[in-house]
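Content type compact mmCIF, C-alpha atoms, from the file target-v7.txt:
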```txt
# COMPACT_ATOMS: atom_id res chain seq x y z
CA MET A 1 0.00 0.00 0.00
CA ARG A 2 1.30 3.44 -0.93
CA ILE A 3 0.31 6.42 1.23
CA LEU A 4 0.65 10.12 0.43
CA LEU A 5 1.22 12.27 3.52
CA ILE A 6 0.58 15.99 2.98
CA GLU A 7 1.76 17.78 6.13
CA ASP A 8 3.96 20.80 6.85
CA GLU A 9 5.23 19.93 10.35
CA ILE A 10 8.62 18.33 9.71
CA GLY A 11 8.77 16.59 13.08
CA LEU A 12 5.36 15.04 12.57
CA ILE A 13 6.26 14.01 9.02
CA GLU A 14 9.33 12.10 10.20
CA ALA A 15 7.43 10.45 13.04
CA LEU A 16 4.57 9.36 10.80
CA LYS A 17 6.92 8.12 8.06
CA THR A 18 8.69 5.92 10.60
CA LEU A 19 5.40 4.65 12.01
CA LEU A 20 3.85 3.88 8.63
CA LYS A 21 6.95 2.20 7.24
CA GLN A 22 7.05 -0.04 10.30
CA GLU A 23 3.57 -1.15 9.26
CA ASN A 24 4.86 -1.96 5.74
CA TYR A 25 3.26 1.02 4.03
CA ALA A 26 5.23 2.88 1.35
CA VAL A 27 5.11 6.62 2.10
CA ASP A 28 5.55 9.70 -0.08
CA THR A 29 5.36 13.18 1.44
CA ALA A 30 4.56 16.76 0.48
CA THR A 31 4.93 19.82 2.72
CA ASP A 32 2.55 22.29 1.03
CA GLY A 33 -0.82 22.23 -0.65
CA ILE A 34 0.35 22.79 -4.22
CA SER A 35 2.96 20.01 -4.33
CA GLY A 36 0.60 17.76 -2.37
CA LEU A 37 -2.15 18.31 -4.90
CA ASP A 38 0.21 17.57 -7.79
CA SER A 39 1.14 14.25 -6.18
CA ALA A 40 -2.46 13.38 -5.30
CA LEU A 41 -3.63 13.93 -8.87
CA THR A 42 -1.34 11.14 -10.13
CA GLY A 43 -3.90 8.72 -8.72
CA ILE A 44 -1.28 6.15 -7.65
CA TYR A 45 -2.03 6.25 -3.92
CA ASP A 46 -4.16 3.91 -1.82
CA ILE A 47 -4.86 6.58 0.79
CA ILE A 48 -4.02 10.27 1.31
CA ILE A 49 -3.40 11.70 4.78
CA LEU A 50 -4.09 15.42 4.43
CA ASP A 51 -3.49 18.20 6.95
CA ILE A 52 -5.92 21.13 6.78
CA MET A 53 -3.54 23.93 7.74
CA LEU A 54 -1.05 23.98 4.84
CA PRO A 55 0.98 26.73 3.12
CA ASN A 56 0.07 27.87 -0.42
CA LYS A 57 -3.19 25.91 -0.58
CA ASN A 58 -5.09 24.65 2.46
CA GLY A 59 -6.34 21.11 2.91
CA PHE A 60 -9.96 21.99 2.10
CA GLU A 61 -8.85 23.44 -1.24
CA VAL A 62 -6.65 20.43 -1.98
CA LEU A 63 -9.47 18.04 -1.15
CA ALA A 64 -11.99 19.93 -3.26
CA GLU A 65 -9.65 19.85 -6.28
CA ILE A 66 -8.90 16.15 -5.80
CA ARG A 67 -12.59 15.31 -5.93
CA LYS A 68 -13.23 17.79 -8.76
CA GLN A 69 -10.66 15.89 -10.83
CA ASN A 70 -12.51 12.65 -10.03
CA ILE A 71 -9.69 11.15 -7.97
CA LYS A 72 -11.36 8.50 -5.81
CA THR A 73 -8.42 7.92 -3.42
CA PRO A 74 -9.64 7.81 0.22
CA VAL A 75 -8.64 10.91 2.21
CA LEU A 76 -8.03 11.07 5.96
CA LEU A 77 -7.98 14.67 7.18
CA LEU A 78 -5.64 15.74 9.98
CA THR A 79 -6.75 18.88 11.77
CA ALA A 80 -5.80 20.92 14.80
CA LYS A 81 -9.27 22.43 14.64
CA THR A 82 -11.97 20.93 16.82
CA GLU A 83 -14.88 22.99 15.51
CA LEU A 84 -17.75 20.84 14.27
CA GLU A 85 -18.15 23.07 11.20
CA ASP A 86 -14.64 22.21 9.98
CA LYS A 87 -15.28 18.49 10.34
CA ILE A 88 -18.59 18.77 8.52
CA MET A 89 -16.96 20.81 5.75
CA GLY A 90 -14.23 18.24 5.27
CA LEU A 91 -16.65 15.32 5.11
CA ASP A 92 -18.98 17.22 2.76
CA GLN A 93 -16.08 17.95 0.41
CA GLY A 94 -15.27 14.25 0.13
CA ALA A 95 -13.04 13.27 3.05
CA ASP A 96 -13.50 9.69 4.22
CA ASP A 97 -12.55 10.37 7.83
CA TYR A 98 -10.82 12.95 10.04
CA LEU A 99 -8.50 12.89 13.04
CA THR A 100 -7.93 15.79 15.42
CA LYS A 101 -4.40 16.64 16.54
CA PRO A 102 -2.85 15.58 18.82
CA PHE A 103 -3.70 11.93 18.20
CA HIS A 104 -2.41 8.55 19.27
CA SER A 105 -0.49 6.56 16.66
CA GLY A 106 -2.66 3.51 17.32
CA GLU A 107 -5.81 5.45 16.45
CA LEU A 108 -4.27 6.70 13.20
CA LEU A 109 -3.36 3.16 12.16
CA ALA A 110 -6.82 1.89 13.10
CA ARG A 111 -8.49 4.58 11.00
CA ILE A 112 -6.24 3.79 8.04
CA ARG A 113 -7.15 0.10 8.30
CA ALA A 114 -10.85 0.97 8.54
CA ILE A 115 -10.69 3.19 5.45
CA LEU A 116 -8.88 0.51 3.46
CA ARG A 117 -11.38 -2.14 4.56
CA ARG A 118 -14.19 0.06 3.29
CA LYS A 119 -12.27 0.33 0.03
CA LYS A 120 -12.29 -3.50 0.05
CA GLU A 121 -8.58 -3.79 -0.56
CA VAL A 122 -7.72 -5.04 2.91
CA ARG A 123 -9.99 -7.62 4.55
CA SER A 124 -7.76 -8.25 7.58
CA ASP A 125 -4.00 -8.47 7.90
CA ARG A 126 -3.65 -10.83 4.96
CA LEU A 127 -4.36 -11.19 1.26
CA VAL A 128 -5.46 -14.52 -0.20
CA VAL A 129 -5.28 -15.56 -3.85
CA GLY A 130 -5.71 -19.28 -4.51
CA ASP A 131 -3.30 -21.20 -2.28
CA LEU A 132 -1.19 -18.12 -1.62
CA VAL A 133 -1.55 -16.11 1.59
CA LEU A 134 0.36 -12.85 2.06
CA ARG A 135 0.65 -11.63 5.65
CA GLN A 136 0.75 -7.85 5.50
CA ASP A 137 1.92 -7.38 9.06
CA THR A 138 5.00 -9.64 8.77
CA ARG A 139 5.67 -9.62 4.97
CA GLU A 140 5.47 -13.41 4.94
CA LEU A 141 4.17 -15.43 1.99
CA PHE A 142 2.51 -18.77 2.75
CA CYS A 143 1.51 -21.65 0.53
CA LYS A 144 -0.03 -24.45 2.60
CA ASP A 145 2.67 -25.44 5.11
CA ASN A 146 5.51 -23.53 3.40
CA SER A 147 6.44 -19.91 3.99
CA VAL A 148 9.03 -17.36 2.90
CA LYS A 149 9.90 -13.84 4.11
CA LEU A 150 9.77 -11.05 1.53
CA ALA A 151 11.92 -7.93 1.36
CA GLN A 152 10.06 -4.60 1.40
CA LYS A 153 9.96 -4.01 -2.38
CA GLU A 154 9.16 -7.68 -3.05
CA PHE A 155 6.30 -7.41 -0.59
CA LEU A 156 4.92 -4.20 -2.14
CA LEU A 157 5.13 -5.70 -5.63
CA LEU A 158 3.37 -8.94 -4.71
CA GLU A 159 0.79 -7.06 -2.60
CA THR A 160 -0.06 -4.87 -5.61
CA LEU A 161 -0.37 -7.90 -7.88
CA MET A 162 -2.56 -9.82 -5.42
CA ILE A 163 -4.86 -6.86 -4.75
CA ASN A 164 -5.31 -6.47 -8.51
CA ASP A 165 -5.35 -10.19 -9.35
CA LYS A 166 -8.28 -9.74 -11.76
CA GLN A 167 -6.52 -6.94 -13.67
CA ILE A 168 -3.59 -6.63 -16.04
CA LEU A 169 -1.12 -4.06 -14.71
CA THR A 170 1.44 -2.35 -16.91
CA LYS A 171 5.11 -2.11 -16.04
CA GLU A 172 4.65 1.62 -15.49
CA GLN A 173 1.75 1.07 -13.08
CA LEU A 174 3.79 -1.41 -11.04
CA PHE A 175 6.76 0.95 -10.96
CA GLU A 176 4.69 3.89 -9.74
CA LYS A 177 2.93 1.81 -7.06
CA VAL A 178 6.10 0.22 -5.67
CA TRP A 179 8.78 2.86 -6.23
CA GLY A 180 6.70 6.04 -6.35
CA PHE A 181 5.91 8.59 -9.03
CA ASP A 182 9.04 10.72 -8.63
CA ASN A 183 11.50 7.94 -7.80
CA GLU A 184 14.68 8.03 -9.91
CA SER A 185 15.09 4.25 -10.00
CA GLU A 186 15.06 2.69 -13.46
CA TYR A 187 12.05 0.86 -14.87
CA ASN A 188 14.04 -2.36 -15.22
CA ASN A 189 13.82 -2.65 -11.42
CA VAL A 190 10.30 -3.99 -12.02
CA GLU A 191 11.63 -6.90 -14.04
CA VAL A 192 14.39 -7.57 -11.52
CA TYR A 193 11.99 -7.69 -8.59
CA VAL A 194 9.43 -9.74 -10.51
CA SER A 195 12.25 -12.29 -10.95
CA PHE A 196 13.01 -12.16 -7.21
CA VAL A 197 9.35 -12.67 -6.32
CA ARG A 198 8.95 -15.48 -8.85
CA LYS A 199 11.86 -17.36 -7.27
CA LYS A 200 10.36 -16.94 -3.79
CA LEU A 201 6.96 -18.03 -5.06
CA ILE A 202 8.52 -21.19 -6.49
CA SER A 203 10.36 -21.87 -3.23
CA SER A 204 7.15 -21.45 -1.20
CA ILE A 205 5.04 -23.84 -3.31
CA PRO A 206 5.29 -27.45 -2.08
CA VAL A 207 6.36 -29.95 -4.72
```
As structure tokens, how would this structure be written, given the file I've shared?
Amino acid sequence: MRILLIEDEIGLIEALKTLLKQENYAVDTATDGISGLDSALTGIYDIIILDIMLPNKNGFEVLAEIRKQNIKTPVLLLTAKTELEDKIMGLDQGADDYLTKPFHSGELLARIRAILRRKKEVRSDRLVVGDLVLRQDTRELFCKDNSVKLAQKEFLLLETLMINDKQILTKEQLFEKVWGFDNESEYNNVEVYVSFVRKKLISSIPV
């Protein structure tokens, strides 16, 4: 899962990046409304965490433009404001949920999981396709009694493929999901990691 975090507090950004990466989410960040909107409009993210109080363009404006451009990505608003009107405005403009600062990390993670369950991409802590079971909390791949541990990029690649098992994904789509839209890695990384995952799949399938 790839998350876009749009937040201007550097300390909070670093703390949330560490937290989310520990939960095996890939995280991209933006520190102002304009750059955040540009990233959001790529449509590659599974969820957007959006602060309301941002420089250049506030979170309400970013959210309104995201929905105007028909981007369906779930949005979780972060706000230091406790006024009911602000929460109503955010939900009316298309936010899926909101969280008032300061918040506990456990509540943030729970709200992310709830949003993704509603999106029907995460049913629990695992993905199941045929005999394959991918544990999203431990990055382990199971096939019956066999299991193998995946590296972070291998996990993100296989997770994307399993979530979209009924669809054909292009090399470019896989690259953007796993490495990010602005990543300078080369596209042939997709082929390299597909090879890595294929070998681990073979090793996990009982003969």
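Shell of Lys171 in chain A at 10 Å, with only C-alpha atoms counted and residues fewer than 4 places along the chain excluded, is A:Phe175, A:Glu176, A:Tyr187, A:Asn188, A:Asn189, A:Val190, A:Glu191.
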Find the nearest atom pair between each residue of range 100-162 of chain A and range 46-63 of chain A for residues within 10 Å, count all atoms listed in the file, give distances in Å to one decimal, sort rows by chain and ascending number, and present the table as JSON lines.
```
{"residue": "A:Thr100", "atom": "CA", "partner": "A:Asp51", "partner_atom": "CA", "distance": 9.9}
{"residue": "A:Lys101", "atom": "CA", "partner": "A:Asp51", "partner_atom": "CA", "distance": 9.8}
{"residue": "A:Leu108", "atom": "CA", "partner": "A:Ile49", "partner_atom": "CA", "distance": 9.8}
{"residue": "A:Ile112", "atom": "CA", "partner": "A:Ile47", "partner_atom": "CA", "distance": 7.9}
{"residue": "A:Ile115", "atom": "CA", "partner": "A:Ile47", "partner_atom": "CA", "distance": 8.2}
{"residue": "A:Leu116", "atom": "CA", "partner": "A:Ile47", "partner_atom": "CA", "distance": 7.8}
{"residue": "A:Lys119", "atom": "CA", "partner": "A:Asp46", "partner_atom": "CA", "distance": 9.1}
{"residue": "A:Glu121", "atom": "CA", "partner": "A:Asp46", "partner_atom": "CA", "distance": 9.0}
```
Check: Closest to Ile13 in chain A among A:Ala114, A:Val148, A:Val27, A:Leu158, using all atoms listed in the file?
Finding: A:Val27
Item checked: Contacts of Glu65 in chain A within 12 Å, only C-alpha atoms, excl. fewer than 5 positions in-chain, as a ChimeraX atom specification -> /A:33-34,36-38,40-41,57-60,70-72,93-95
Checklist line | Option closest in space to Val192 in chain A, from A:Leu99, A:Ile163, A:Leu157, A:Ile10 [counting all atoms listed in the file] | finding: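 Closest residue, counting all atoms listed in the file: A:Leu157.
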Note to self: Using Å and a single decimal, report how far CA of Leu77 in chain A sits from CA of Ala30 in chain A.
What the structure shows: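 These two atoms are separated by 14.4 Å.
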Next item on the list: Rank A:Ser147, A:Asn164, A:Thr31, A:Gln136 by their smallest atom-to-atom distance to Ser203 in chain A, using all atoms listed in the file, and report the top residue only.
Entry: A:Ser147
Next item on the list: With a distance cut-off of 12 Å and all atoms listed in the file, select the neighbouring residues of Gly130 in chain A, excluding the residue or stretch itself and same-chain residues fewer than 3 positions from it, and output the selection as a ChimeraX atom specification.
Entry: /A:127,133-134,142-144,162,165,205
Give me a file of those residues, with C-alpha atoms, as an mmCIF file, keeping the file's coordinate frame.
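Ended up saving to selection-v5.cif:
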```cif
data_model
loop_
_atom_site.group_PDB
_atom_site.id
_atom_site.type_symbol
_atom_site.label_atom_id
_atom_site.label_comp_id
_atom_site.auth_asym_id
_atom_site.auth_seq_id
_atom_site.Cartn_x
_atom_site.Cartn_y
_atom_site.Cartn_z
ATOM 1 C CA LEU A 127 -4.360 -11.190 1.260
ATOM 2 C CA VAL A 133 -1.550 -16.110 1.590
ATOM 3 C CA LEU A 134 0.360 -12.850 2.060
ATOM 4 C CA PHE A 142 2.510 -18.770 2.750
ATOM 5 C CA CYS A 143 1.510 -21.650 0.530
ATOM 6 C CA LYS A 144 -0.030 -24.450 2.600
ATOM 7 C CA MET A 162 -2.560 -9.820 -5.420
ATOM 8 C CA ASP A 165 -5.350 -10.190 -9.350
ATOM 9 C CA ILE A 205 5.040 -23.840 -3.310
#
```
Check: Quick one, how far is CA of Gln167 in chain A from CA of Ile202 in chain A?
Finding: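 For CA of Gln167 in chain A relative to CA of Ile202 in chain A, the distance reads 21.9 Å.
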Notebook entry, point to check: Which of these, A:Leu109, A:Leu78, A:Leu132, A:Val197, has the shortest distance to Tyr25 in chain A once you count all atoms listed in the file?
Noted result: A:Leu109
Note to self: Between A:Leu16, A:Val75, A:Val178, A:Ala110, which residue has the minimum interatomic distance to Gln152 in chain A, considering only C-alpha atoms?
What the structure shows: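 Among the listed residues, A:Val178 lies closest to Gln152 in chain A.
Going from CA of Ile3 in chain A over to CA of Asp28 in chain A, you cover 6.3 Å.
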Checklist line | Option closest in space to Leu141 in chain A, from A:Lys153, A:Arg118, A:Lys166, A:Lys200 [counting only C-alpha atoms] | finding: A:Lys200
Edge lengths and centre in Å to one decimal, as lines of an AutoDock Vina configuration file, is what I'm after for the box along x, y and z that holds all listed atoms of range 66-72 of chain A once 3 Å is added on each side.
```
center_x = -11.1
center_y = 13.1
center_z = -8.3
size_x = 10.3
size_y = 15.3
size_z = 11.0
```
